[in-house]
file run.pdb (PDB, C-alpha atoms, pLDDT in the B column)
MODEL        1
ATOM      1  CA  MET A 891      23.215  30.844 -13.120  1.00 69.00           C
ATOM      2  CA  PHE A 892      22.360  30.426  -9.443  1.00 68.00           C
ATOM      3  CA  ALA A 893      21.936  34.172  -9.030  1.00 75.00           C
ATOM      4  CA  ASP A 894      19.549  34.282 -11.996  1.00 78.00           C
ATOM      5  CA  LEU A 895      17.508  31.377 -10.659  1.00 79.00           C
ATOM      6  CA  GLY A 896      17.468  32.940  -7.220  1.00 77.00           C
ATOM      7  CA  ALA A 897      16.302  36.227  -8.738  1.00 82.00           C
ATOM      8  CA  ALA A 898      13.531  34.411 -10.619  1.00 83.00           C
ATOM      9  CA  LEU A 899      12.295  32.789  -7.411  1.00 80.00           C
ATOM     10  CA  ALA A 900      12.568  36.061  -5.496  1.00 80.00           C
ATOM     11  CA  SER A 901      10.372  37.747  -8.100  1.00 83.00           C
ATOM     12  CA  PHE A 902       7.375  35.838  -6.743  1.00 78.00           C
ATOM     13  CA  GLY A 903       7.377  38.291  -3.844  1.00 77.00           C
ATOM     14  CA  MET A 904       7.531  35.729  -1.016  1.00 88.00           C
ATOM     15  CA  PRO A 905      11.062  34.267  -1.039  1.00 90.00           C
ATOM     16  CA  ALA A 906      10.515  31.857   1.870  1.00 91.00           C
ATOM     17  CA  LEU A 907       7.404  30.408   0.258  1.00 92.00           C
ATOM     18  CA  ALA A 908       9.219  30.312  -3.096  1.00 91.00           C
ATOM     19  CA  ILE A 909      11.932  28.099  -1.556  1.00 92.00           C
ATOM     20  CA  VAL A 910       9.334  25.685  -0.194  1.00 93.00           C
ATOM     21  CA  LEU A 911       7.293  25.529  -3.404  1.00 93.00           C
ATOM     22  CA  PHE A 912      10.328  25.230  -5.676  1.00 91.00           C
ATOM     23  CA  THR A 913      11.748  22.442  -3.514  1.00 93.00           C
ATOM     24  CA  MET A 914       8.432  20.600  -3.674  1.00 94.00           C
ATOM     25  CA  ALA A 915       8.268  21.081  -7.442  1.00 92.00           C
ATOM     26  CA  VAL A 916      11.750  19.620  -7.867  1.00 90.00           C
ATOM     27  CA  ARG A 917      10.930  16.676  -5.595  1.00 92.00           C
ATOM     28  CA  LEU A 918       7.732  16.059  -7.568  1.00 94.00           C
ATOM     29  CA  MET A 919       9.714  15.932 -10.823  1.00 92.00           C
ATOM     30  CA  LEU A 920      12.109  13.457  -9.197  1.00 90.00           C
ATOM     31  CA  HIS A 921       9.280  11.267  -7.940  1.00 92.00           C
ATOM     32  CA  PRO A 922       9.671   8.642 -10.716  1.00 91.00           C
ATOM     33  CA  LEU A 923      13.267   8.106  -9.603  1.00 88.00           C
ATOM     34  CA  ALA A 924      12.108   7.727  -6.009  1.00 90.00           C
ATOM     35  CA  ARG A 925       9.617   5.078  -7.113  1.00 90.00           C
ATOM     36  CA  ALA A 926      12.362   3.214  -8.978  1.00 86.00           C
ATOM     37  CA  ALA A 927      14.608   3.374  -5.914  1.00 85.00           C
ATOM     38  CA  VAL A 928      11.941   1.950  -3.613  1.00 88.00           C
ATOM     39  CA  ARG A 929      11.110  -0.837  -6.063  1.00 87.00           C
ATOM     40  CA  GLY A 930      14.790  -1.726  -6.199  1.00 82.00           C
ATOM     41  CA  GLU A 931      15.135  -1.701  -2.419  1.00 81.00           C
ATOM     42  CA  LYS A 932      12.075  -3.904  -1.983  1.00 84.00           C
ATOM     43  CA  ALA A 933      13.351  -6.339  -4.597  1.00 82.00           C
ATOM     44  CA  LYS A 934      16.660  -6.626  -2.733  1.00 81.00           C
ATOM     45  CA  ALA A 935      14.839  -7.020   0.579  1.00 78.00           C
ATOM     46  CA  LYS A 936      13.023 -10.086  -0.739  1.00 83.00           C
ATOM     47  CA  LEU A 937      16.366 -11.697  -1.494  1.00 81.00           C
ATOM     48  CA  ALA A 938      17.887 -10.755   1.852  1.00 79.00           C
ATOM     49  CA  PRO A 939      17.256 -14.168   3.498  1.00 80.00           C
ATOM     50  CA  GLU A 940      19.154 -15.915   0.675  1.00 84.00           C
ATOM     51  CA  ILE A 941      21.996 -13.418   0.903  1.00 78.00           C
ATOM     52  CA  GLN A 942      22.211 -13.959   4.658  1.00 81.00           C
ATOM     53  CA  LYS A 943      22.510 -17.710   4.148  1.00 83.00           C
ATOM     54  CA  LEU A 944      25.374 -17.136   1.721  1.00 80.00           C
ATOM     55  CA  GLN A 945      27.053 -14.851   4.219  1.00 78.00           C
ATOM     56  CA  LYS A 946      26.913 -17.533   6.895  1.00 81.00           C
ATOM     57  CA  LYS A 947      28.021 -20.232   4.463  1.00 78.00           C
ATOM     58  CA  TYR A 948      31.087 -18.464   3.084  1.00 76.00           C
ATOM     59  CA  GLY A 949      32.003 -16.540   6.233  1.00 72.00           C
ATOM     60  CA  LYS A 950      35.098 -14.420   5.646  1.00 76.00           C
ATOM     61  CA  ASP A 951      35.578 -15.506   2.041  1.00 76.00           C
ATOM     62  CA  LEU A 952      34.372 -12.174   0.680  1.00 79.00           C
ATOM     63  CA  VAL A 953      35.277 -12.953  -2.913  1.00 81.00           C
ATOM     64  CA  ARG A 954      33.219 -16.144  -2.978  1.00 82.00           C
ATOM     65  CA  PHE A 955      30.387 -14.457  -1.088  1.00 79.00           C
ATOM     66  CA  SER A 956      30.331 -11.633  -3.650  1.00 81.00           C
ATOM     67  CA  GLU A 957      30.327 -14.066  -6.573  1.00 80.00           C
ATOM     68  CA  GLU A 958      27.494 -16.156  -5.154  1.00 78.00           C
ATOM     69  CA  SER A 959      25.500 -13.058  -4.237  1.00 80.00           C
ATOM     70  CA  GLN A 960      25.767 -11.772  -7.784  1.00 83.00           C
ATOM     71  CA  LYS A 961      24.435 -15.088  -9.054  1.00 83.00           C
ATOM     72  CA  VAL A 962      21.388 -14.807  -6.770  1.00 81.00           C
ATOM     73  CA  TYR A 963      20.668 -11.246  -7.863  1.00 79.00           C
ATOM     74  CA  LYS A 964      21.158 -12.087 -11.536  1.00 83.00           C
ATOM     75  CA  ALA A 965      18.933 -15.164 -11.344  1.00 82.00           C
ATOM     76  CA  ASN A 966      16.143 -13.020  -9.933  1.00 82.00           C
ATOM     77  CA  GLY A 967      16.671 -10.130 -12.344  1.00 78.00           C
ATOM     78  CA  VAL A 968      17.749  -7.758  -9.580  1.00 77.00           C
ATOM     79  CA  SER A 969      20.797  -5.496  -9.683  1.00 74.00           C
ATOM     80  CA  MET A 970      23.099  -5.411  -6.661  1.00 71.00           C
ATOM     81  CA  PHE A 971      22.832  -1.635  -6.925  1.00 71.00           C
ATOM     82  CA  ALA A 972      19.040  -1.634  -7.129  1.00 67.00           C
ATOM     83  CA  GLY A 973      17.718   1.342  -5.228  1.00 69.00           C
ATOM     84  CA  MET A 974      21.014   3.213  -5.343  1.00 73.00           C
ATOM     85  CA  LEU A 975      21.389   4.341  -8.951  1.00 67.00           C
ATOM     86  CA  PRO A 976      18.042   6.208  -9.154  1.00 67.00           C
ATOM     87  CA  MET A 977      18.939   8.137  -6.006  1.00 75.00           C
ATOM     88  CA  LEU A 978      22.429   8.956  -7.285  1.00 79.00           C
ATOM     89  CA  ALA A 979      20.814  10.393 -10.400  1.00 77.00           C
ATOM     90  CA  THR A 980      19.031  12.969  -8.203  1.00 80.00           C
ATOM     91  CA  MET A 981      22.263  14.373  -6.769  1.00 86.00           C
ATOM     92  CA  PRO A 982      22.777  17.071  -9.453  1.00 87.00           C
ATOM     93  CA  PHE A 983      19.340  18.498  -8.675  1.00 85.00           C
ATOM     94  CA  PHE A 984      20.047  18.654  -4.951  1.00 87.00           C
ATOM     95  CA  MET A 985      23.414  20.290  -5.630  1.00 88.00           C
ATOM     96  CA  VAL A 986      21.612  23.002  -7.580  1.00 87.00           C
ATOM     97  CA  MET A 987      19.171  23.528  -4.706  1.00 86.00           C
ATOM     98  CA  TYR A 988      22.048  23.724  -2.237  1.00 87.00           C
ATOM     99  CA  GLN A 989      23.778  26.383  -4.310  1.00 88.00           C
ATOM    100  CA  ILE A 990      20.592  28.435  -4.609  1.00 89.00           C
ATOM    101  CA  VAL A 991      20.036  28.587  -0.846  1.00 89.00           C
ATOM    102  CA  THR A 992      23.670  29.162   0.133  1.00 88.00           C
ATOM    103  CA  THR A 993      25.116  31.349  -2.651  1.00 87.00           C
ATOM    104  CA  PRO A 994      24.445  35.115  -2.346  1.00 87.00           C
ATOM    105  CA  ASN A 995      21.559  35.983  -4.664  1.00 87.00           C
ATOM    106  CA  PRO A 996      18.350  38.079  -4.581  1.00 88.00           C
ATOM    107  CA  LEU A 997      16.410  35.198  -3.020  1.00 88.00           C
ATOM    108  CA  LEU A 998      18.470  35.421   0.179  1.00 89.00           C
ATOM    109  CA  GLU A 999      17.573  39.087   0.518  1.00 89.00           C
ATOM    110  CA  GLY A1000      14.084  38.029   1.558  1.00 90.00           C
ATOM    111  CA  THR A1001      12.915  37.496   5.139  1.00 91.00           C
ATOM    112  CA  ILE A1002      10.717  35.160   7.149  1.00 92.00           C
ATOM    113  CA  PHE A1003       9.049  36.582  10.254  1.00 91.00           C
ATOM    114  CA  GLY A1004      11.421  39.509  10.043  1.00 91.00           C
ATOM    115  CA  VAL A1005      14.581  37.388   9.937  1.00 94.00           C
ATOM    116  CA  SER A1006      16.760  37.510   6.818  1.00 93.00           C
ATOM    117  CA  LEU A1007      16.985  34.276   4.828  1.00 94.00           C
ATOM    118  CA  SER A1008      20.737  34.873   4.656  1.00 93.00           C
ATOM    119  CA  ALA A1009      21.043  34.962   8.474  1.00 94.00           C
ATOM    120  CA  HIS A1010      23.061  32.335  10.356  1.00 94.00           C
ATOM    121  CA  PHE A1011      22.113  30.945  13.743  1.00 94.00           C
ATOM    122  CA  THR A1012      25.628  31.461  15.093  1.00 87.00           C
ATOM    123  CA  SER A1013      25.389  35.187  14.500  1.00 86.00           C
ATOM    124  CA  SER A1014      21.722  36.006  15.118  1.00 83.00           C
ATOM    125  CA  PHE A1015      20.249  33.424  17.556  1.00 85.00           C
ATOM    126  CA  ALA A1016      16.823  34.464  16.230  1.00 91.00           C
ATOM    127  CA  TRP A1017      13.782  32.589  17.584  1.00 93.00           C
ATOM    128  CA  VAL A1018      12.934  31.413  14.063  1.00 95.00           C
ATOM    129  CA  PHE A1019      15.961  29.130  14.173  1.00 96.00           C
ATOM    130  CA  PHE A1020      14.744  27.421  17.337  1.00 96.00           C
ATOM    131  CA  VAL A1021      11.391  26.728  15.689  1.00 96.00           C
ATOM    132  CA  LEU A1022      13.247  25.390  12.642  1.00 97.00           C
ATOM    133  CA  PHE A1023      15.428  23.132  14.813  1.00 97.00           C
ATOM    134  CA  GLY A1024      12.353  21.830  16.620  1.00 97.00           C
ATOM    135  CA  LEU A1025      10.610  20.952  13.357  1.00 98.00           C
ATOM    136  CA  LEU A1026      13.761  19.304  11.985  1.00 97.00           C
ATOM    137  CA  ALA A1027      14.007  17.264  15.204  1.00 97.00           C
ATOM    138  CA  VAL A1028      10.418  16.062  14.762  1.00 97.00           C
ATOM    139  CA  VAL A1029      11.083  15.018  11.163  1.00 97.00           C
ATOM    140  CA  ALA A1030      14.327  13.311  12.221  1.00 96.00           C
ATOM    141  CA  TYR A1031      12.514  11.416  14.989  1.00 95.00           C
ATOM    142  CA  LEU A1032       9.822  10.230  12.573  1.00 95.00           C
ATOM    143  CA  THR A1033      12.543   9.204  10.114  1.00 93.00           C
ATOM    144  CA  VAL A1034      14.322   7.146  12.788  1.00 92.00           C
ATOM    145  CA  LYS A1035      11.093   5.442  13.870  1.00 91.00           C
ATOM    146  CA  TRP A1036      10.219   4.580  10.268  1.00 89.00           C
ATOM    147  CA  GLN A1037      13.687   3.250   9.525  1.00 85.00           C
ATOM    148  CA  GLN A1038      13.591   1.137  12.677  1.00 83.00           C
ATOM    149  CA  SER A1039      10.261  -0.323  11.573  1.00 82.00           C
ATOM    150  CA  ARG A1040      11.884  -1.278   8.276  1.00 78.00           C
ATOM    151  CA  MET A1041      14.650  -3.119  10.151  1.00 71.00           C
ATOM    152  CA  THR A1042      12.113  -5.728  11.275  1.00 60.00           C
ATOM    153  CA  THR A1043      11.686  -6.839   7.667  1.00 56.00           C
ATOM    154  CA  THR A1044      15.059  -5.910   6.186  1.00 55.00           C
ATOM    155  CA  PRO A1045      18.255  -7.221   7.812  1.00 52.00           C
ATOM    156  CA  THR A1046      20.591  -4.395   8.777  1.00 53.00           C
ATOM    157  CA  PRO A1047      24.286  -4.638   9.723  1.00 53.00           C
ATOM    158  CA  GLY A1048      24.952  -3.919  13.392  1.00 52.00           C
ATOM    159  CA  PHE A1049      26.941  -0.726  12.834  1.00 51.00           C
ATOM    160  CA  MET A1050      24.115   0.664  10.701  1.00 60.00           C
ATOM    161  CA  THR A1051      21.657   0.321  13.578  1.00 65.00           C
ATOM    162  CA  GLY A1052      23.486   3.002  15.529  1.00 69.00           C
ATOM    163  CA  LEU A1053      23.886   5.288  12.535  1.00 76.00           C
ATOM    164  CA  ILE A1054      20.173   5.082  11.752  1.00 75.00           C
ATOM    165  CA  LYS A1055      19.419   6.526  15.177  1.00 80.00           C
ATOM    166  CA  VAL A1056      21.831   9.435  14.805  1.00 86.00           C
ATOM    167  CA  LEU A1057      22.219  10.489  11.158  1.00 88.00           C
ATOM    168  CA  PRO A1058      18.724  11.999  10.638  1.00 90.00           C
ATOM    169  CA  PHE A1059      19.413  14.481  13.457  1.00 93.00           C
ATOM    170  CA  GLY A1060      22.453  15.726  11.563  1.00 93.00           C
ATOM    171  CA  THR A1061      20.160  18.077   9.656  1.00 94.00           C
ATOM    172  CA  ILE A1062      19.901  20.211  12.805  1.00 95.00           C
ATOM    173  CA  LEU A1063      23.666  20.728  12.905  1.00 94.00           C
ATOM    174  CA  VAL A1064      23.714  21.519   9.199  1.00 93.00           C
ATOM    175  CA  ALA A1065      20.888  24.031   9.580  1.00 94.00           C
ATOM    176  CA  ALA A1066      22.743  25.700  12.452  1.00 94.00           C
ATOM    177  CA  TYR A1067      25.761  26.244  10.224  1.00 93.00           C
ATOM    178  CA  LEU A1068      24.109  27.277   6.945  1.00 94.00           C
ATOM    179  CA  PRO A1069      21.866  30.270   6.119  1.00 95.00           C
ATOM    180  CA  LEU A1070      18.230  30.207   7.231  1.00 95.00           C
ATOM    181  CA  ALA A1071      17.202  29.639   3.600  1.00 94.00           C
ATOM    182  CA  ALA A1072      19.140  26.378   3.568  1.00 94.00           C
ATOM    183  CA  GLY A1073      17.449  25.286   6.789  1.00 95.00           C
ATOM    184  CA  LEU A1074      14.079  25.957   5.217  1.00 95.00           C
ATOM    185  CA  TYR A1075      15.098  23.854   2.240  1.00 94.00           C
ATOM    186  CA  LEU A1076      16.294  21.036   4.513  1.00 95.00           C
ATOM    187  CA  LEU A1077      13.010  21.035   6.426  1.00 96.00           C
ATOM    188  CA  THR A1078      11.002  20.875   3.210  1.00 96.00           C
ATOM    189  CA  THR A1079      13.036  18.173   1.489  1.00 94.00           C
ATOM    190  CA  THR A1080      13.434  15.920   4.559  1.00 94.00           C
ATOM    191  CA  THR A1081       9.716  16.128   5.286  1.00 97.00           C
ATOM    192  CA  TRP A1082       8.994  15.229   1.668  1.00 96.00           C
ATOM    193  CA  THR A1083      11.474  12.350   1.795  1.00 93.00           C
ATOM    194  CA  ILE A1084      10.027  10.570   4.825  1.00 95.00           C
ATOM    195  CA  ALA A1085       6.437  11.103   3.661  1.00 95.00           C
ATOM    196  CA  GLU A1086       7.201   9.928   0.128  1.00 94.00           C
ATOM    197  CA  ARG A1087       9.162   6.838   1.153  1.00 92.00           C
ATOM    198  CA  ALA A1088       6.618   5.779   3.761  1.00 92.00           C
ATOM    199  CA  LEU A1089       3.862   6.088   1.163  1.00 94.00           C
ATOM    200  CA  LEU A1090       5.770   4.290  -1.593  1.00 92.00           C
ATOM    201  CA  TYR A1091       6.738   1.395   0.661  1.00 90.00           C
ATOM    202  CA  ARG A1092       3.059   0.977   1.473  1.00 89.00           C
ATOM    203  CA  ILE A1093       1.590   1.166  -2.028  1.00 89.00           C
ATOM    204  CA  LEU A1094       4.296  -0.405  -4.213  1.00 82.00           C
ATOM    205  CA  SER A1095       4.467  -4.174  -4.482  1.00 66.00           C
TER
ENDMDL
END

call {"tool": "encode", "arguments": {"input": "run.pdb", "output": "structure tokens"}}
result
Amino acid sequence: MFADLGAALASFGMPALAIVLFTMAVRLMLHPLARAAVRGEKAKAKLAPEIQKLQKKYGKDLVRFSEESQKVYKANGVSMFAGMLPMLATMPFFMVMYQIVTTPNPLLEGTIFGVSLSAHFTSSFAWVFFVLFGLLAVVAYLTVKWQQSRMTTTPTPGFMTGLIKVLPFGTILVAAYLPLAAGLYLLTTTTWTIAERALLYRILS
């Protein structure tokens, strides 16, 4: 299946561009789920002050804290998992994309600036990879800055503060390990993600 899909994309004649456009098309189809996720996250954020009060009130009594939290969410018509379920529903699509850009197929026989889409940084050290890493670093930096801006309105556990500063840069390590095609996919989807979420948080009430 992945080979057939890869062959179909490769038939467009510009494999690298096909990866970018196909990724964008998939993300566009998943946009309604992204909207639902952001609405859920914003609904939970509005209840965060009440949840924090419960946390202080019940301290280490996690069972009681959980019960009281559920009551708050239920009273306001908000699911405790709001924002999570829509994103989990997108996982099968991203798994398909991952297989397409990592499994040998006609699409990976293409090149970008003379470098094979199946090439790995550890074996080629081509200059294209350094450009890719630089662009991924820029997207990661913008992601961190946006997430930090959200922390001013949404309480975040202490351990998460450190992770927020580091995790987005993990895409660079992943891109260094996987084929160039996968790095191109990562750049496209992470750029879409930060742009989409920043926009949705601004326009959705």

call {"tool": "atom_distance", "arguments": {"input": "run.pdb", "atom1": "atom CA of A:Ile1084", "atom2": "atom CA of A:Val1034"}}
result
9.7 Å

call {"tool": "residues_near_point", "arguments": {"input": "run.pdb", "point": "(15.5, 27.1, 8.1)", "cutoff": "9 Å", "atoms": "only C-alpha atoms", "output": "list in words"}}
result
Leu1007, Val1018, Phe1019, Val1021, Leu1022, Phe1023, Leu1026, Ala1065, Ala1066, Leu1068, Pro1069, Leu1070, Ala1071, Ala1072, Gly1073, Leu1074, Tyr1075, Leu1076 and Leu1077 of chain A

call {"tool": "resolve_selection", "arguments": {"input": "run.pdb", "expression": "the PyMOL selection byres ((chain A and resi 1008) around 12)", "output": "MDAnalysis selection string"}}
result
chainID A and resid 905:906 990:1002 1004:1007 1009:1011 1013:1014 1065 1067:1074

call {"tool": "closest_residue", "arguments": {"input": "run.pdb", "among": "A:Leu937, A:Ala965, A:Ala1027, A:Leu920", "to": "A:Met977", "atoms": "only C-alpha atoms"}}
result
A:Leu920

call {"tool": "resolve_selection", "arguments": {"input": "run.pdb", "expression": "the PyMOL selection byres ((chain A and resi 940-954) around 12)", "output": "number ranges by chain"}}
result
A: 934-939, 955-963, 966, 970, 1044-1047

call {"tool": "write_last_selection", "arguments": {"input": "run.pdb", "atoms": "C-alpha atoms", "output": "short mmCIF file (atom, residue, chain, number, x, y, z; two decimals), in the coordinates of the input"}}
result
data_model
loop_
_atom_site.label_atom_id
_atom_site.label_comp_id
_atom_site.auth_asym_id
_atom_site.auth_seq_id
_atom_site.Cartn_x
_atom_site.Cartn_y
_atom_site.Cartn_z
CA LYS A 934 16.66 -6.63 -2.73
CA ALA A 935 14.84 -7.02 0.58
CA LYS A 936 13.02 -10.09 -0.74
CA LEU A 937 16.37 -11.70 -1.49
CA ALA A 938 17.89 -10.76 1.85
CA PRO A 939 17.26 -14.17 3.50
CA PHE A 955 30.39 -14.46 -1.09
CA SER A 956 30.33 -11.63 -3.65
CA GLU A 957 30.33 -14.07 -6.57
CA GLU A 958 27.49 -16.16 -5.15
CA SER A 959 25.50 -13.06 -4.24
CA GLN A 960 25.77 -11.77 -7.78
CA LYS A 961 24.44 -15.09 -9.05
CA VAL A 962 21.39 -14.81 -6.77
CA TYR A 963 20.67 -11.25 -7.86
CA ASN A 966 16.14 -13.02 -9.93
CA MET A 970 23.10 -5.41 -6.66
CA THR A 1044 15.06 -5.91 6.19
CA PRO A 1045 18.26 -7.22 7.81
CA THR A 1046 20.59 -4.39 8.78
CA PRO A 1047 24.29 -4.64 9.72
#

call {"tool": "atom_distance", "arguments": {"input": "run.pdb", "atom1": "atom CA of A:Leu1025", "atom2": "atom CA of A:Lys932"}}
result
29.2 Å

call {"tool": "resolve_selection", "arguments": {"input": "run.pdb", "expression": "the PyMOL selection byres ((chain A and resi 899) around 10)", "output": "mmCIF file with C-alpha atoms, in the frame of the given file"}}
result
data_model
loop_
_atom_site.group_PDB
_atom_site.id
_atom_site.type_symbol
_atom_site.label_atom_id
_atom_site.label_comp_id
_atom_site.auth_asym_id
_atom_site.auth_seq_id
_atom_site.Cartn_x
_atom_site.Cartn_y
_atom_site.Cartn_z
ATOM 1 C CA ALA A 893 21.936 34.172 -9.030
ATOM 2 C CA ASP A 894 19.549 34.282 -11.996
ATOM 3 C CA LEU A 895 17.508 31.377 -10.659
ATOM 4 C CA GLY A 896 17.468 32.940 -7.220
ATOM 5 C CA ALA A 897 16.302 36.227 -8.738
ATOM 6 C CA ALA A 898 13.531 34.411 -10.619
ATOM 7 C CA ALA A 900 12.568 36.061 -5.496
ATOM 8 C CA SER A 901 10.372 37.747 -8.100
ATOM 9 C CA PHE A 902 7.375 35.838 -6.743
ATOM 10 C CA GLY A 903 7.377 38.291 -3.844
ATOM 11 C CA MET A 904 7.531 35.729 -1.016
ATOM 12 C CA PRO A 905 11.062 34.267 -1.039
ATOM 13 C CA ALA A 906 10.515 31.857 1.870
ATOM 14 C CA LEU A 907 7.404 30.408 0.258
ATOM 15 C CA ALA A 908 9.219 30.312 -3.096
ATOM 16 C CA ILE A 909 11.932 28.099 -1.556
ATOM 17 C CA LEU A 911 7.293 25.529 -3.404
ATOM 18 C CA PHE A 912 10.328 25.230 -5.676
ATOM 19 C CA ILE A 990 20.592 28.435 -4.609
ATOM 20 C CA PRO A 996 18.350 38.079 -4.581
ATOM 21 C CA LEU A 997 16.410 35.198 -3.020
#

call {"tool": "closest_residue", "arguments": {"input": "run.pdb", "among": "A:Val986, A:Ala926, A:Val1064, A:Ala1016", "to": "A:Tyr1091", "atoms": "all atoms listed in the file"}}
result
A:Ala926

call {"tool": "closest_residue", "arguments": {"input": "run.pdb", "among": "A:Arg1040, A:Arg929, A:Lys1035, A:Arg1092", "to": "A:Met974", "atoms": "only C-alpha atoms"}}
result
A:Arg929

call {"tool": "atom_distance", "arguments": {"input": "run.pdb", "atom1": "atom CA of A:Thr1079", "atom2": "atom CA of A:Thr1012"}}
result
22.8 Å

call {"tool": "closest_residue", "arguments": {"input": "run.pdb", "among": "A:Val910, A:Val968, A:Val1029, A:Ala924", "to": "A:Thr1080", "atoms": "only C-alpha atoms"}}
result
A:Val1029

call {"tool": "residues_around", "arguments": {"input": "run.pdb", "residues": "A:Ala1030", "least_positions_apart": "2", "cutoff": "6 Å", "atoms": "only C-alpha atoms", "output": "compact mmCIF listing (two decimals) with C-alpha atoms, in the frame of the given file"}}
result
# COMPACT_ATOMS: atom_id res chain seq x y z
CA ALA A 1027 14.01 17.26 15.20
CA VAL A 1028 10.42 16.06 14.76
CA LEU A 1032 9.82 10.23 12.57
CA THR A 1033 12.54 9.20 10.11
CA PRO A 1058 18.72 12.00 10.64
CA PHE A 1059 19.41 14.48 13.46

call {"tool": "closest_residue", "arguments": {"input": "run.pdb", "among": "A:Met985, A:Leu1090, A:Met1041, A:Thr1061", "to": "A:Val928", "atoms": "all atoms listed in the file"}}
result
A:Leu1090

call {"tool": "closest_residue", "arguments": {"input": "run.pdb", "among": "A:Gln989, A:Leu923, A:Thr1078, A:Ala1088", "to": "A:Ser1039", "atoms": "all atoms listed in the file"}}
result
A:Ala1088

call {"tool": "axis_aligned_box", "arguments": {"input": "run.pdb", "around": "stretch 1024-1033 of chain A", "padding_each_side": "6 Å", "output": "AutoDock Vina command-line options"}}
result
--center_x 12.1 --center_y 15.5 --center_z 13.4 --size_x 16.5 --size_y 24.6 --size_z 18.5

call {"tool": "build_atoms", "arguments": {"input": "run.pdb", "residues": "stretch 910-915 of chain A", "atoms": "all heavy atoms", "output": "tab-separated table (two decimals), in the frame of the given file"}}
result
chain	number	residue	atom	x	y	z
A	910	VAL	N	10.13	26.88	-0.51
A	910	VAL	CA	9.33	25.68	-0.19
A	910	VAL	C	8.67	25.12	-1.45
A	910	VAL	O	8.76	23.92	-1.73
A	910	VAL	CB	8.26	26.02	0.86
A	910	VAL	CG1	7.32	24.83	1.06
A	910	VAL	CG2	8.92	26.40	2.19
A	911	LEU	N	8.02	25.99	-2.22
A	911	LEU	CA	7.29	25.53	-3.40
A	911	LEU	C	8.24	25.01	-4.49
A	911	LEU	O	7.95	24.01	-5.15
A	911	LEU	CB	6.44	26.66	-3.96
A	911	LEU	CG	5.29	27.12	-3.06
A	911	LEU	CD1	4.52	28.26	-3.73
A	911	LEU	CD2	4.34	25.97	-2.75
A	912	PHE	N	9.37	25.68	-4.66
A	912	PHE	CA	10.33	25.23	-5.68
A	912	PHE	C	10.93	23.88	-5.28
A	912	PHE	O	11.11	23.00	-6.13
A	912	PHE	CB	11.44	26.26	-5.86
A	912	PHE	CG	12.42	25.91	-6.95
A	912	PHE	CD1	12.03	25.90	-8.28
A	912	PHE	CD2	13.73	25.58	-6.65
A	912	PHE	CE1	12.91	25.56	-9.30
A	912	PHE	CE2	14.63	25.24	-7.66
A	912	PHE	CZ	14.22	25.24	-8.98
A	913	THR	N	11.23	23.72	-3.99
A	913	THR	CA	11.75	22.44	-3.51
A	913	THR	C	10.74	21.33	-3.75
A	913	THR	O	11.09	20.24	-4.21
A	913	THR	CB	12.07	22.51	-2.01
A	913	THR	OG1	13.04	23.54	-1.78
A	913	THR	CG2	12.64	21.19	-1.51
A	914	MET	N	9.48	21.59	-3.47
A	914	MET	CA	8.43	20.60	-3.67
A	914	MET	C	8.26	20.28	-5.16
A	914	MET	O	8.03	19.12	-5.52
A	914	MET	CB	7.11	21.10	-3.07
A	914	MET	CG	7.14	21.21	-1.55
A	914	MET	SD	5.64	21.94	-0.85
A	914	MET	CE	4.42	20.69	-1.28
A	915	ALA	N	8.40	21.30	-6.00
A	915	ALA	CA	8.27	21.08	-7.44
A	915	ALA	C	9.40	20.19	-7.96
A	915	ALA	O	9.17	19.28	-8.77
A	915	ALA	CB	8.28	22.42	-8.18
